[in-house]
Amino acid sequence: MILFPAIDLKQGQCVRLKLGEMSQATVYNADPAAQAKAFEEQGFKWLHVVDLDGAFAGTSVNGAAVEAILAATKNPVQLGGGIRTLEQIEAWLDKGLARVILGTVAVRDPELVREACRRFPGRIAVGIDARGGHVAVEGWAETSELSAVELAERFEGAGVAAIIYTDIDRDGVLAGINWDATIDLAGAVDIPIIASGGLASITDIVRMTMPDAAKLEGAISGRALYDGRINPAEALRLLREAQS
């Protein structure tokens, strides 16, 4: 079970949004590379990065910040936001990313996702961001008629390394992970699921150790780590002990 600290990038800075609204961004660190290094020093083993500007623009915007992060940490990094073509995927993987996360393009062009999985086995994740149970795209600006489960089922057997499932209605508001929807999704497909959106306190970390959550690959934490609501050492200890 992995706890992924999150770095969301807006205009080259490490921020957190509230309910996915770009107008409600709080800057937590003007130096994302330093933040990545700090997470590594705290004992985290992975890093989750999102190019927020890129998600809206449809192409990489914070590339320089991402490259600085890759240079600053030895931890594997997964990146989402604005990655829409095979050429972009390959370019980022060549720069040292462990995984590329495909969101909007998974709805718009699922065959591209399947082709990416064939070309880059084990290195393609799908981001499913849901509002009211329906998939949102284009940086969460548009909501589709597709349900999260329907989208996940499209990629069963395609070789997707993981699905990052975000409940937008809980993102950045510290309301707690939507465990029911996340665990239901994990039960619907064989693809590993990573929970995202709303992780609020050590209670959510304890919830990660419960038997019905064992099918998850992990969860992502942003604001709760930055605000000090979760002690990294305590959280990582609880997860280690649960797996021993």
# chains A, B, ... in the order shown; residues from 1 in each chain; ligands from 1

$ residues_around --residues "stretch 144-158 of chain A" --least-positions-apart "6" --cutoff "8 Å" --atoms "only C-alpha atoms" --output "PDB file with N, CA and C atoms, in the first residue's frame"
ATOM      1  N   VAL A 107     -10.838   9.217 -22.415  1.00  0.00           N
ATOM      2  CA  VAL A 107     -12.234   9.339 -22.819  1.00  0.00           C
ATOM      3  C   VAL A 107     -12.339   9.596 -24.310  1.00  0.00           C
ATOM      4  N   PRO A 110      -9.676   6.163 -26.548  1.00  0.00           N
ATOM      5  CA  PRO A 110      -9.229   5.004 -25.756  1.00  0.00           C
ATOM      6  C   PRO A 110      -8.231   4.113 -26.487  1.00  0.00           C
ATOM      7  N   ARG A 114      -4.617   2.219 -25.314  1.00  0.00           N
ATOM      8  CA  ARG A 114      -4.263   0.812 -25.517  1.00  0.00           C
ATOM      9  C   ARG A 114      -2.934   0.685 -26.268  1.00  0.00           C
ATOM     10  N   CYS A 117      -0.109   1.449 -23.939  1.00  0.00           N
ATOM     11  CA  CYS A 117       0.161   0.313 -23.054  1.00  0.00           C
ATOM     12  C   CYS A 117       0.975  -0.763 -23.768  1.00  0.00           C
ATOM     13  N   ARG A 118       0.698  -0.942 -25.055  1.00  0.00           N
ATOM     14  CA  ARG A 118       1.465  -1.928 -25.822  1.00  0.00           C
ATOM     15  C   ARG A 118       2.913  -1.473 -26.010  1.00  0.00           C
ATOM     16  N   ILE A 128      -8.997   8.761 -13.747  1.00  0.00           N
ATOM     17  CA  ILE A 128     -10.451   8.889 -13.841  1.00  0.00           C
ATOM     18  C   ILE A 128     -10.895   9.874 -12.767  1.00  0.00           C
ATOM     19  N   ASP A 129     -11.317  11.041 -13.220  1.00  0.00           N
ATOM     20  CA  ASP A 129     -11.758  12.104 -12.318  1.00  0.00           C
ATOM     21  C   ASP A 129     -13.267  12.209 -12.430  1.00  0.00           C
ATOM     22  N   ALA A 130     -13.969  12.032 -11.321  1.00  0.00           N
ATOM     23  CA  ALA A 130     -15.424  11.966 -11.383  1.00  0.00           C
ATOM     24  C   ALA A 130     -16.082  13.046 -10.538  1.00  0.00           C
ATOM     25  N   GLY A 133     -20.121  11.002  -9.801  1.00  0.00           N
ATOM     26  CA  GLY A 133     -20.047   9.671 -10.376  1.00  0.00           C
ATOM     27  C   GLY A 133     -19.772   9.646 -11.866  1.00  0.00           C
ATOM     28  N   HIS A 134     -19.771  10.837 -12.520  1.00  0.00           N
ATOM     29  CA  HIS A 134     -19.532  10.905 -13.957  1.00  0.00           C
ATOM     30  C   HIS A 134     -18.158  11.506 -14.244  1.00  0.00           C
ATOM     31  N   VAL A 135     -17.542  11.004 -15.294  1.00  0.00           N
ATOM     32  CA  VAL A 135     -16.167  11.362 -15.620  1.00  0.00           C
ATOM     33  C   VAL A 135     -16.083  12.812 -16.108  1.00  0.00           C
ATOM     34  N   ALA A 136     -15.131  13.567 -15.549  1.00  0.00           N
ATOM     35  CA  ALA A 136     -14.867  14.944 -15.971  1.00  0.00           C
ATOM     36  C   ALA A 136     -13.562  14.980 -16.753  1.00  0.00           C
ATOM     37  N   VAL A 137     -13.501  15.840 -17.756  1.00  0.00           N
ATOM     38  CA  VAL A 137     -12.325  15.937 -18.627  1.00  0.00           C
ATOM     39  C   VAL A 137     -11.927  17.399 -18.810  1.00  0.00           C
ATOM     40  N   LEU A 185     -15.175   0.624  -7.267  1.00  0.00           N
ATOM     41  CA  LEU A 185     -14.455   0.648  -8.541  1.00  0.00           C
ATOM     42  C   LEU A 185     -13.381  -0.437  -8.561  1.00  0.00           C
ATOM     43  N   ALA A 188     -14.769  -3.700  -9.386  1.00  0.00           N
ATOM     44  CA  ALA A 188     -15.349  -3.851 -10.721  1.00  0.00           C
ATOM     45  C   ALA A 188     -14.323  -4.234 -11.774  1.00  0.00           C
ATOM     46  N   VAL A 189     -13.038  -3.951 -11.508  1.00  0.00           N
ATOM     47  CA  VAL A 189     -11.982  -4.238 -12.487  1.00  0.00           C
ATOM     48  C   VAL A 189     -10.782  -4.862 -11.789  1.00  0.00           C
ATOM     49  N   ASP A 190      -9.903  -5.469 -12.576  1.00  0.00           N
ATOM     50  CA  ASP A 190      -8.687  -6.067 -12.032  1.00  0.00           C
ATOM     51  C   ASP A 190      -7.516  -5.087 -12.015  1.00  0.00           C
ATOM     52  N   ILE A 191      -7.693  -3.917 -12.628  1.00  0.00           N
ATOM     53  CA  ILE A 191      -6.623  -2.914 -12.679  1.00  0.00           C
ATOM     54  C   ILE A 191      -6.430  -2.322 -11.278  1.00  0.00           C
TER      55      ILE A 191
END

$ closest_atom_pairs --of "stretch 195-224 of chain A" --to "stretch 1-12 of chain A" --cutoff "6 Å" --atoms "only C-alpha atoms" --output "CSV"
residue,atom,partner,partner_atom,distance
A:Glu217,CA,A:Met1,CA,5.4
A:Gly218,CA,A:Ile2,CA,4.4
A:Ala219,CA,A:Leu3,CA,5.3
A:Ile220,CA,A:Phe4,CA,4.5
A:Ser221,CA,A:Pro5,CA,5.1
A:Gly222,CA,A:Ala6,CA,5.0

$ closest_residue --among "A:Ala214, A:Ile205, A:Tyr226, A:Tyr165" --to "A:Val15" --atoms "only C-alpha atoms"
A:Tyr226

$ closest_atom_pairs --of "stretch 53-89 of chain A" --to "stretch 31-38 of chain A" --cutoff "6 Å" --atoms "only C-alpha atoms" --output "tab-separated table"
residue	atom	partner	partner_atom	distance
A:Ala68	CA	A:Ala33	CA	5.5
A:Ile69	CA	A:Ala33	CA	4.3
A:Ala72	CA	A:Ala33	CA	5.6
A:Thr73	CA	A:Lys37	CA	5.4

$ write_last_selection --atoms "C-alpha atoms" --output "mmCIF file, in the first residue's frame"
data_model
loop_
_atom_site.group_PDB
_atom_site.id
_atom_site.type_symbol
_atom_site.label_atom_id
_atom_site.label_comp_id
_atom_site.auth_asym_id
_atom_site.auth_seq_id
_atom_site.Cartn_x
_atom_site.Cartn_y
_atom_site.Cartn_z
ATOM 1 C CA ALA A 68 13.545 19.966 -12.045
ATOM 2 C CA ILE A 69 11.535 17.550 -9.888
ATOM 3 C CA ALA A 72 15.827 16.490 -7.480
ATOM 4 C CA THR A 73 14.436 13.117 -6.395
#

$ atom_distance --atom1 "atom CA of A:Gln42" --atom2 "atom CA of A:Ile164"
22.9 Å

$ closest_residue --among "A:Ile183, A:Phe44, A:Ala175, A:Ala71" --to "A:Pro232" --atoms "only C-alpha atoms"
A:Phe44

$ select_by_dssp --residues "stretch 101-233 of chain A" --states "strand (DSSP E)" --output "PyMOL selection string"
chain A and resi 101-102+124-131+134-137+142-147+162-167+193-196+216-221

$ write_last_selection --atoms "N, CA and C atoms" --output "mmCIF file, in the first residue's frame"
data_model
loop_
_atom_site.group_PDB
_atom_site.id
_atom_site.type_symbol
_atom_site.label_atom_id
_atom_site.label_comp_id
_atom_site.auth_asym_id
_atom_site.auth_seq_id
_atom_site.Cartn_x
_atom_site.Cartn_y
_atom_site.Cartn_z
ATOM 1 N N ILE A 101 0.246 9.517 -16.742
ATOM 2 C CA ILE A 101 -1.175 9.368 -16.430
ATOM 3 C C ILE A 101 -1.986 10.021 -17.546
ATOM 4 N N LEU A 102 -2.872 9.248 -18.156
ATOM 5 C CA LEU A 102 -3.713 9.741 -19.242
ATOM 6 C C LEU A 102 -5.145 9.903 -18.734
ATOM 7 N N ILE A 124 1.927 3.083 -18.134
ATOM 8 C CA ILE A 124 0.771 3.909 -18.480
ATOM 9 C C ILE A 124 -0.315 3.738 -17.422
ATOM 10 N N ALA A 125 -0.701 4.840 -16.815
ATOM 11 C CA ALA A 125 -1.816 4.855 -15.866
ATOM 12 C C ALA A 125 -2.941 5.685 -16.470
ATOM 13 N N VAL A 126 -4.152 5.438 -16.006
ATOM 14 C CA VAL A 126 -5.320 6.209 -16.450
ATOM 15 C C VAL A 126 -5.867 6.990 -15.263
ATOM 16 N N GLY A 127 -6.108 8.268 -15.487
ATOM 17 C CA GLY A 127 -6.717 9.096 -14.455
ATOM 18 C C GLY A 127 -8.207 9.206 -14.701
ATOM 19 N N ILE A 128 -8.997 8.761 -13.747
ATOM 20 C CA ILE A 128 -10.451 8.889 -13.841
ATOM 21 C C ILE A 128 -10.895 9.874 -12.767
ATOM 22 N N ASP A 129 -11.317 11.041 -13.220
ATOM 23 C CA ASP A 129 -11.758 12.104 -12.318
ATOM 24 C C ASP A 129 -13.267 12.209 -12.430
ATOM 25 N N ALA A 130 -13.969 12.032 -11.321
ATOM 26 C CA ALA A 130 -15.424 11.966 -11.383
ATOM 27 C C ALA A 130 -16.082 13.046 -10.538
ATOM 28 N N ARG A 131 -17.145 13.608 -11.094
ATOM 29 C CA ARG A 131 -17.993 14.561 -10.374
ATOM 30 C C ARG A 131 -19.404 13.982 -10.380
ATOM 31 N N HIS A 134 -19.771 10.837 -12.520
ATOM 32 C CA HIS A 134 -19.532 10.905 -13.957
ATOM 33 C C HIS A 134 -18.158 11.506 -14.244
ATOM 34 N N VAL A 135 -17.542 11.004 -15.294
ATOM 35 C CA VAL A 135 -16.167 11.362 -15.620
ATOM 36 C C VAL A 135 -16.083 12.812 -16.108
ATOM 37 N N ALA A 136 -15.131 13.567 -15.549
ATOM 38 C CA ALA A 136 -14.867 14.944 -15.971
ATOM 39 C C ALA A 136 -13.562 14.980 -16.753
ATOM 40 N N VAL A 137 -13.501 15.840 -17.756
ATOM 41 C CA VAL A 137 -12.325 15.937 -18.627
ATOM 42 C C VAL A 137 -11.927 17.399 -18.810
ATOM 43 N N GLU A 142 -15.195 19.976 -18.013
ATOM 44 C CA GLU A 142 -16.349 19.376 -18.665
ATOM 45 C C GLU A 142 -16.678 18.039 -18.002
ATOM 46 N N THR A 143 -17.971 17.763 -17.856
ATOM 47 C CA THR A 143 -18.417 16.480 -17.306
ATOM 48 C C THR A 143 -19.097 15.682 -18.407
ATOM 49 N N SER A 144 -18.706 14.426 -18.563
ATOM 50 C CA SER A 144 -19.266 13.572 -19.608
ATOM 51 C C SER A 144 -20.443 12.766 -19.055
ATOM 52 N N GLU A 145 -21.056 11.982 -19.932
ATOM 53 C CA GLU A 145 -22.146 11.096 -19.508
ATOM 54 C C GLU A 145 -21.618 9.741 -19.048
ATOM 55 N N LEU A 146 -20.309 9.559 -19.170
ATOM 56 C CA LEU A 146 -19.684 8.274 -18.873
ATOM 57 C C LEU A 146 -19.478 8.114 -17.370
ATOM 58 N N SER A 147 -19.811 6.947 -16.842
ATOM 59 C CA SER A 147 -19.543 6.698 -15.422
ATOM 60 C C SER A 147 -18.113 6.242 -15.230
ATOM 61 N N ALA A 162 -2.231 1.252 -13.582
ATOM 62 C CA ALA A 162 -3.037 1.680 -12.440
ATOM 63 C C ALA A 162 -4.076 2.682 -12.916
ATOM 64 N N ILE A 163 -5.149 2.805 -12.143
ATOM 65 C CA ILE A 163 -6.144 3.856 -12.340
ATOM 66 C C ILE A 163 -6.115 4.758 -11.123
ATOM 67 N N ILE A 164 -5.932 6.052 -11.370
ATOM 68 C CA ILE A 164 -6.007 7.034 -10.287
ATOM 69 C C ILE A 164 -7.418 7.580 -10.289
ATOM 70 N N TYR A 165 -8.181 7.250 -9.241
ATOM 71 C CA TYR A 165 -9.593 7.645 -9.175
ATOM 72 C C TYR A 165 -9.747 8.822 -8.220
ATOM 73 N N THR A 166 -10.191 9.966 -8.771
ATOM 74 C CA THR A 166 -10.352 11.175 -7.986
ATOM 75 C C THR A 166 -11.826 11.558 -7.896
ATOM 76 N N ASP A 167 -12.309 11.734 -6.682
ATOM 77 C CA ASP A 167 -13.648 12.293 -6.469
ATOM 78 C C ASP A 167 -13.492 13.807 -6.373
ATOM 79 N N ILE A 193 -6.148 0.181 -8.316
ATOM 80 C CA ILE A 193 -6.773 1.501 -8.143
ATOM 81 C C ILE A 193 -6.010 2.293 -7.090
ATOM 82 N N ILE A 194 -5.778 3.576 -7.395
ATOM 83 C CA ILE A 194 -5.184 4.510 -6.436
ATOM 84 C C ILE A 194 -6.248 5.532 -6.082
ATOM 85 N N ALA A 195 -6.528 5.680 -4.791
ATOM 86 C CA ALA A 195 -7.560 6.607 -4.326
ATOM 87 C C ALA A 195 -7.017 8.029 -4.266
ATOM 88 N N SER A 196 -7.852 8.986 -4.674
ATOM 89 C CA SER A 196 -7.432 10.381 -4.660
ATOM 90 C C SER A 196 -8.634 11.282 -4.396
ATOM 91 N N LEU A 216 -6.550 -2.078 -3.149
ATOM 92 C CA LEU A 216 -6.049 -0.815 -3.687
ATOM 93 C C LEU A 216 -4.523 -0.819 -3.745
ATOM 94 N N GLU A 217 -3.960 -0.051 -4.693
ATOM 95 C CA GLU A 217 -2.508 0.121 -4.730
ATOM 96 C C GLU A 217 -2.065 1.163 -3.715
ATOM 97 N N GLY A 218 -2.935 2.111 -3.423
ATOM 98 C CA GLY A 218 -2.574 3.151 -2.467
ATOM 99 C C GLY A 218 -3.505 4.331 -2.548
ATOM 100 N N ALA A 219 -3.049 5.458 -2.013
ATOM 101 C CA ALA A 219 -3.844 6.690 -2.009
ATOM 102 C C ALA A 219 -2.907 7.884 -2.132
ATOM 103 N N ILE A 220 -3.470 8.982 -2.631
ATOM 104 C CA ILE A 220 -2.721 10.217 -2.839
ATOM 105 C C ILE A 220 -3.107 11.229 -1.784
ATOM 106 N N SER A 221 -2.113 11.920 -1.241
ATOM 107 C CA SER A 221 -2.381 12.965 -0.251
ATOM 108 C C SER A 221 -1.736 14.270 -0.685
#

$ residues_around --residues "A:Ala98" --least-positions-apart "3" --cutoff "6 Å" --atoms "only C-alpha atoms" --output "list of chain:residue names"
A:Pro76, A:Val77, A:Gln78

$ write_last_selection --atoms "N, CA and C atoms" --output "PDB file, in the first residue's frame"
ATOM      1  N   PRO A  76      10.505   7.251  -7.904  1.00  0.00           N
ATOM      2  CA  PRO A  76       9.736   7.199  -9.151  1.00  0.00           C
ATOM      3  C   PRO A  76       8.628   8.247  -9.127  1.00  0.00           C
ATOM      4  N   VAL A  77       8.389   8.854 -10.292  1.00  0.00           N
ATOM      5  CA  VAL A  77       7.408   9.931 -10.416  1.00  0.00           C
ATOM      6  C   VAL A  77       6.374   9.549 -11.456  1.00  0.00           C
ATOM      7  N   GLN A  78       5.093   9.757 -11.125  1.00  0.00           N
ATOM      8  CA  GLN A  78       4.029   9.626 -12.117  1.00  0.00           C
ATOM      9  C   GLN A  78       3.464  11.012 -12.393  1.00  0.00           C
TER      10      GLN A  78
END

$ select_by_dssp --residues "stretch 19-173 of chain A" --states "alpha helix (DSSP H)" --output "mmCIF file with N, CA and C atoms, in the first residue's frame"
data_model
loop_
_atom_site.group_PDB
_atom_site.id
_atom_site.type_symbol
_atom_site.label_atom_id
_atom_site.label_comp_id
_atom_site.auth_asym_id
_atom_site.auth_seq_id
_atom_site.Cartn_x
_atom_site.Cartn_y
_atom_site.Cartn_z
ATOM 1 N N PRO A 32 8.980 23.586 -6.530
ATOM 2 C CA PRO A 32 8.494 22.203 -6.539
ATOM 3 C C PRO A 32 9.601 21.163 -6.402
ATOM 4 N N ALA A 33 10.790 21.447 -6.939
ATOM 5 C CA ALA A 33 11.892 20.485 -6.830
ATOM 6 C C ALA A 33 12.300 20.302 -5.376
ATOM 7 N N ALA A 34 12.343 21.394 -4.630
ATOM 8 C CA ALA A 34 12.672 21.304 -3.201
ATOM 9 C C ALA A 34 11.601 20.516 -2.462
ATOM 10 N N GLN A 35 10.345 20.698 -2.862
ATOM 11 C CA GLN A 35 9.258 19.951 -2.231
ATOM 12 C C GLN A 35 9.388 18.457 -2.520
ATOM 13 N N ALA A 36 9.754 18.125 -3.745
ATOM 14 C CA ALA A 36 9.947 16.714 -4.101
ATOM 15 C C ALA A 36 11.053 16.091 -3.257
ATOM 16 N N LYS A 37 12.147 16.816 -3.085
ATOM 17 C CA LYS A 37 13.253 16.328 -2.275
ATOM 18 C C LYS A 37 12.838 16.159 -0.828
ATOM 19 N N ALA A 38 12.030 17.100 -0.325
ATOM 20 C CA ALA A 38 11.562 17.016 1.060
ATOM 21 C C ALA A 38 10.702 15.772 1.265
ATOM 22 N N PHE A 39 9.839 15.469 0.310
ATOM 23 C CA PHE A 39 9.007 14.269 0.429
ATOM 24 C C PHE A 39 9.876 13.014 0.453
ATOM 25 N N GLU A 40 10.904 12.969 -0.366
ATOM 26 C CA GLU A 40 11.815 11.822 -0.365
ATOM 27 C C GLU A 40 12.495 11.686 0.994
ATOM 28 N N GLU A 41 12.941 12.790 1.553
ATOM 29 C CA GLU A 41 13.625 12.765 2.849
ATOM 30 C C GLU A 41 12.695 12.357 3.984
ATOM 31 N N LEU A 52 -1.332 21.173 -13.746
ATOM 32 C CA LEU A 52 -2.697 21.703 -13.793
ATOM 33 C C LEU A 52 -2.913 22.590 -15.019
ATOM 34 N N ASP A 53 -1.966 23.463 -15.294
ATOM 35 C CA ASP A 53 -2.086 24.318 -16.478
ATOM 36 C C ASP A 53 -2.142 23.461 -17.742
ATOM 37 N N GLY A 54 -1.348 22.403 -17.764
ATOM 38 C CA GLY A 54 -1.322 21.511 -18.912
ATOM 39 C C GLY A 54 -2.647 20.799 -19.122
ATOM 40 N N ALA A 55 -3.326 20.447 -18.025
ATOM 41 C CA ALA A 55 -4.620 19.764 -18.135
ATOM 42 C C ALA A 55 -5.634 20.636 -18.868
ATOM 43 N N PHE A 56 -5.587 21.938 -18.631
ATOM 44 C CA PHE A 56 -6.504 22.854 -19.302
ATOM 45 C C PHE A 56 -6.036 23.169 -20.720
ATOM 46 N N ALA A 57 -4.724 23.299 -20.904
ATOM 47 C CA ALA A 57 -4.178 23.697 -22.203
ATOM 48 C C ALA A 57 -4.135 22.540 -23.198
ATOM 49 N N GLY A 63 6.606 22.004 -17.910
ATOM 50 C CA GLY A 63 7.647 21.026 -18.189
ATOM 51 C C GLY A 63 8.941 21.290 -17.463
ATOM 52 N N ALA A 64 9.329 22.553 -17.357
ATOM 53 C CA ALA A 64 10.592 22.876 -16.687
ATOM 54 C C ALA A 64 10.538 22.485 -15.219
ATOM 55 N N ALA A 65 9.396 22.711 -14.578
ATOM 56 C CA ALA A 65 9.243 22.346 -13.167
ATOM 57 C C ALA A 65 9.276 20.835 -12.994
ATOM 58 N N VAL A 66 8.645 20.109 -13.915
ATOM 59 C CA VAL A 66 8.659 18.643 -13.838
ATOM 60 C C VAL A 66 10.080 18.115 -13.999
ATOM 61 N N GLU A 67 10.818 18.661 -14.950
ATOM 62 C CA GLU A 67 12.196 18.215 -15.146
ATOM 63 C C GLU A 67 13.059 18.512 -13.924
ATOM 64 N N ALA A 68 12.810 19.638 -13.272
ATOM 65 C CA ALA A 68 13.545 19.966 -12.045
ATOM 66 C C ALA A 68 13.212 18.970 -10.938
ATOM 67 N N ILE A 69 11.947 18.560 -10.870
ATOM 68 C CA ILE A 69 11.535 17.550 -9.888
ATOM 69 C C ILE A 69 12.261 16.231 -10.152
ATOM 70 N N LEU A 70 12.294 15.804 -11.416
ATOM 71 C CA LEU A 70 12.956 14.549 -11.767
ATOM 72 C C LEU A 70 14.438 14.576 -11.403
ATOM 73 N N ALA A 71 15.057 15.744 -11.528
ATOM 74 C CA ALA A 71 16.475 15.876 -11.185
ATOM 75 C C ALA A 71 16.702 15.897 -9.682
ATOM 76 N N ALA A 72 15.661 16.277 -8.926
ATOM 77 C CA ALA A 72 15.827 16.490 -7.480
ATOM 78 C C ALA A 72 15.552 15.246 -6.642
ATOM 79 N N LEU A 86 1.009 10.063 -28.360
ATOM 80 C CA LEU A 86 2.051 9.057 -28.155
ATOM 81 C C LEU A 86 3.427 9.706 -28.113
ATOM 82 N N GLU A 87 3.607 10.766 -28.904
ATOM 83 C CA GLU A 87 4.893 11.459 -28.924
ATOM 84 C C GLU A 87 5.175 12.114 -27.571
ATOM 85 N N GLN A 88 4.146 12.727 -26.983
ATOM 86 C CA GLN A 88 4.318 13.343 -25.660
ATOM 87 C C GLN A 88 4.607 12.285 -24.603
ATOM 88 N N ILE A 89 3.907 11.164 -24.687
ATOM 89 C CA ILE A 89 4.128 10.078 -23.732
ATOM 90 C C ILE A 89 5.576 9.598 -23.798
ATOM 91 N N GLU A 90 6.026 9.319 -25.010
ATOM 92 C CA GLU A 90 7.388 8.811 -25.183
ATOM 93 C C GLU A 90 8.425 9.816 -24.706
ATOM 94 N N ALA A 91 8.199 11.088 -25.025
ATOM 95 C CA ALA A 91 9.153 12.130 -24.626
ATOM 96 C C ALA A 91 9.275 12.202 -23.115
ATOM 97 N N TRP A 92 8.144 12.126 -22.422
ATOM 98 C CA TRP A 92 8.204 12.204 -20.955
ATOM 99 C C TRP A 92 8.847 10.957 -20.346
ATOM 100 N N LEU A 93 8.509 9.804 -20.862
ATOM 101 C CA LEU A 93 9.123 8.585 -20.334
ATOM 102 C C LEU A 93 10.628 8.599 -20.562
ATOM 103 N N ASP A 94 11.047 9.134 -21.700
ATOM 104 C CA ASP A 94 12.480 9.234 -21.980
ATOM 105 C C ASP A 94 13.185 10.187 -21.011
ATOM 106 N N THR A 104 -7.992 12.931 -19.995
ATOM 107 C CA THR A 104 -8.925 13.336 -21.048
ATOM 108 C C THR A 104 -8.835 12.427 -22.269
ATOM 109 N N VAL A 105 -7.613 12.082 -22.674
ATOM 110 C CA VAL A 105 -7.455 11.263 -23.878
ATOM 111 C C VAL A 105 -8.006 9.849 -23.671
ATOM 112 N N ALA A 106 -8.118 9.400 -22.420
ATOM 113 C CA ALA A 106 -8.703 8.082 -22.164
ATOM 114 C C ALA A 106 -10.187 8.069 -22.518
ATOM 115 N N VAL A 107 -10.838 9.217 -22.415
ATOM 116 C CA VAL A 107 -12.234 9.339 -22.819
ATOM 117 C C VAL A 107 -12.339 9.596 -24.310
ATOM 118 N N ARG A 108 -11.513 10.508 -24.807
ATOM 119 C CA ARG A 108 -11.602 10.942 -26.203
ATOM 120 C C ARG A 108 -11.054 9.910 -27.194
ATOM 121 N N PRO A 110 -9.676 6.163 -26.548
ATOM 122 C CA PRO A 110 -9.229 5.004 -25.756
ATOM 123 C C PRO A 110 -8.231 4.113 -26.487
ATOM 124 N N GLU A 111 -8.286 4.086 -27.820
ATOM 125 C CA GLU A 111 -7.346 3.248 -28.572
ATOM 126 C C GLU A 111 -5.919 3.758 -28.407
ATOM 127 N N LEU A 112 -5.748 5.081 -28.261
ATOM 128 C CA LEU A 112 -4.413 5.623 -28.024
ATOM 129 C C LEU A 112 -3.862 5.088 -26.706
ATOM 130 N N VAL A 113 -4.720 4.988 -25.699
ATOM 131 C CA VAL A 113 -4.288 4.444 -24.406
ATOM 132 C C VAL A 113 -3.844 2.991 -24.566
ATOM 133 N N ARG A 114 -4.617 2.219 -25.314
ATOM 134 C CA ARG A 114 -4.263 0.812 -25.517
ATOM 135 C C ARG A 114 -2.934 0.685 -26.268
ATOM 136 N N GLU A 115 -2.755 1.535 -27.269
ATOM 137 C CA GLU A 115 -1.500 1.514 -28.026
ATOM 138 C C GLU A 115 -0.329 1.911 -27.128
ATOM 139 N N ALA A 116 -0.535 2.912 -26.272
ATOM 140 C CA ALA A 116 0.519 3.336 -25.341
ATOM 141 C C ALA A 116 0.886 2.196 -24.394
ATOM 142 N N CYS A 117 -0.109 1.449 -23.939
ATOM 143 C CA CYS A 117 0.161 0.313 -23.054
ATOM 144 C C CYS A 117 0.975 -0.763 -23.768
ATOM 145 N N ARG A 118 0.698 -0.942 -25.055
ATOM 146 C CA ARG A 118 1.465 -1.928 -25.822
ATOM 147 C C ARG A 118 2.913 -1.473 -26.010
ATOM 148 N N ARG A 119 3.093 -0.205 -26.284
ATOM 149 C CA ARG A 119 4.444 0.319 -26.535
ATOM 150 C C ARG A 119 5.268 0.469 -25.258
ATOM 151 N N ALA A 148 -17.609 6.405 -14.014
ATOM 152 C CA ALA A 148 -16.240 6.003 -13.713
ATOM 153 C C ALA A 148 -16.043 4.510 -13.954
ATOM 154 N N VAL A 149 -17.008 3.691 -13.565
ATOM 155 C CA VAL A 149 -16.888 2.244 -13.745
ATOM 156 C C VAL A 149 -16.879 1.890 -15.235
ATOM 157 N N GLU A 150 -17.752 2.549 -16.024
ATOM 158 C CA GLU A 150 -17.787 2.273 -17.465
ATOM 159 C C GLU A 150 -16.452 2.570 -18.122
ATOM 160 N N LEU A 151 -15.836 3.684 -17.740
ATOM 161 C CA LEU A 151 -14.541 4.039 -18.327
ATOM 162 C C LEU A 151 -13.469 3.036 -17.908
ATOM 163 N N ALA A 152 -13.449 2.673 -16.637
ATOM 164 C CA ALA A 152 -12.459 1.710 -16.158
ATOM 165 C C ALA A 152 -12.584 0.381 -16.890
ATOM 166 N N GLU A 153 -13.815 -0.062 -17.108
ATOM 167 C CA GLU A 153 -14.037 -1.363 -17.757
ATOM 168 C C GLU A 153 -13.548 -1.366 -19.204
ATOM 169 N N ARG A 154 -13.481 -0.203 -19.842
ATOM 170 C CA ARG A 154 -12.982 -0.128 -21.216
ATOM 171 C C ARG A 154 -11.518 -0.579 -21.315
#

$ closest_residue --among "A:Thr209, A:Ala181, A:Ala200, A:Ser244" --to "A:Ile230" --atoms "only C-alpha atoms"
A:Ala200

$ closest_residue --among "A:Lys215, A:Arg229, A:Lys74, A:Arg84" --to "A:Gly58" --atoms "only C-alpha atoms"
A:Arg84

$ decode --residues "stretch 77-84 of chain A" --atoms "N, CA and C atoms" --output "mmCIF file, in the first residue's frame"
data_model
loop_
_atom_site.group_PDB
_atom_site.id
_atom_site.type_symbol
_atom_site.label_atom_id
_atom_site.label_comp_id
_atom_site.auth_asym_id
_atom_site.auth_seq_id
_atom_site.Cartn_x
_atom_site.Cartn_y
_atom_site.Cartn_z
ATOM 1 N N VAL A 77 8.389 8.854 -10.292
ATOM 2 C CA VAL A 77 7.408 9.931 -10.416
ATOM 3 C C VAL A 77 6.374 9.549 -11.456
ATOM 4 N N GLN A 78 5.093 9.757 -11.125
ATOM 5 C CA GLN A 78 4.029 9.626 -12.117
ATOM 6 C C GLN A 78 3.464 11.012 -12.393
ATOM 7 N N LEU A 79 3.199 11.302 -13.672
ATOM 8 C CA LEU A 79 2.789 12.643 -14.098
ATOM 9 C C LEU A 79 1.532 12.591 -14.941
ATOM 10 N N GLY A 80 0.598 13.486 -14.633
ATOM 11 C CA GLY A 80 -0.588 13.668 -15.451
ATOM 12 C C GLY A 80 -0.800 15.146 -15.744
ATOM 13 N N GLY A 81 -1.645 15.402 -16.749
ATOM 14 C CA GLY A 81 -1.991 16.779 -17.080
ATOM 15 C C GLY A 81 -1.504 17.201 -18.449
ATOM 16 N N GLY A 82 -2.409 17.184 -19.446
ATOM 17 C CA GLY A 82 -2.072 17.692 -20.764
ATOM 18 C C GLY A 82 -1.305 16.745 -21.657
ATOM 19 N N ILE A 83 -1.192 15.484 -21.268
ATOM 20 C CA ILE A 83 -0.462 14.514 -22.087
ATOM 21 C C ILE A 83 -1.486 13.808 -22.975
ATOM 22 N N ARG A 84 -1.431 14.084 -24.280
ATOM 23 C CA ARG A 84 -2.519 13.652 -25.155
ATOM 24 C C ARG A 84 -2.063 12.868 -26.384
#
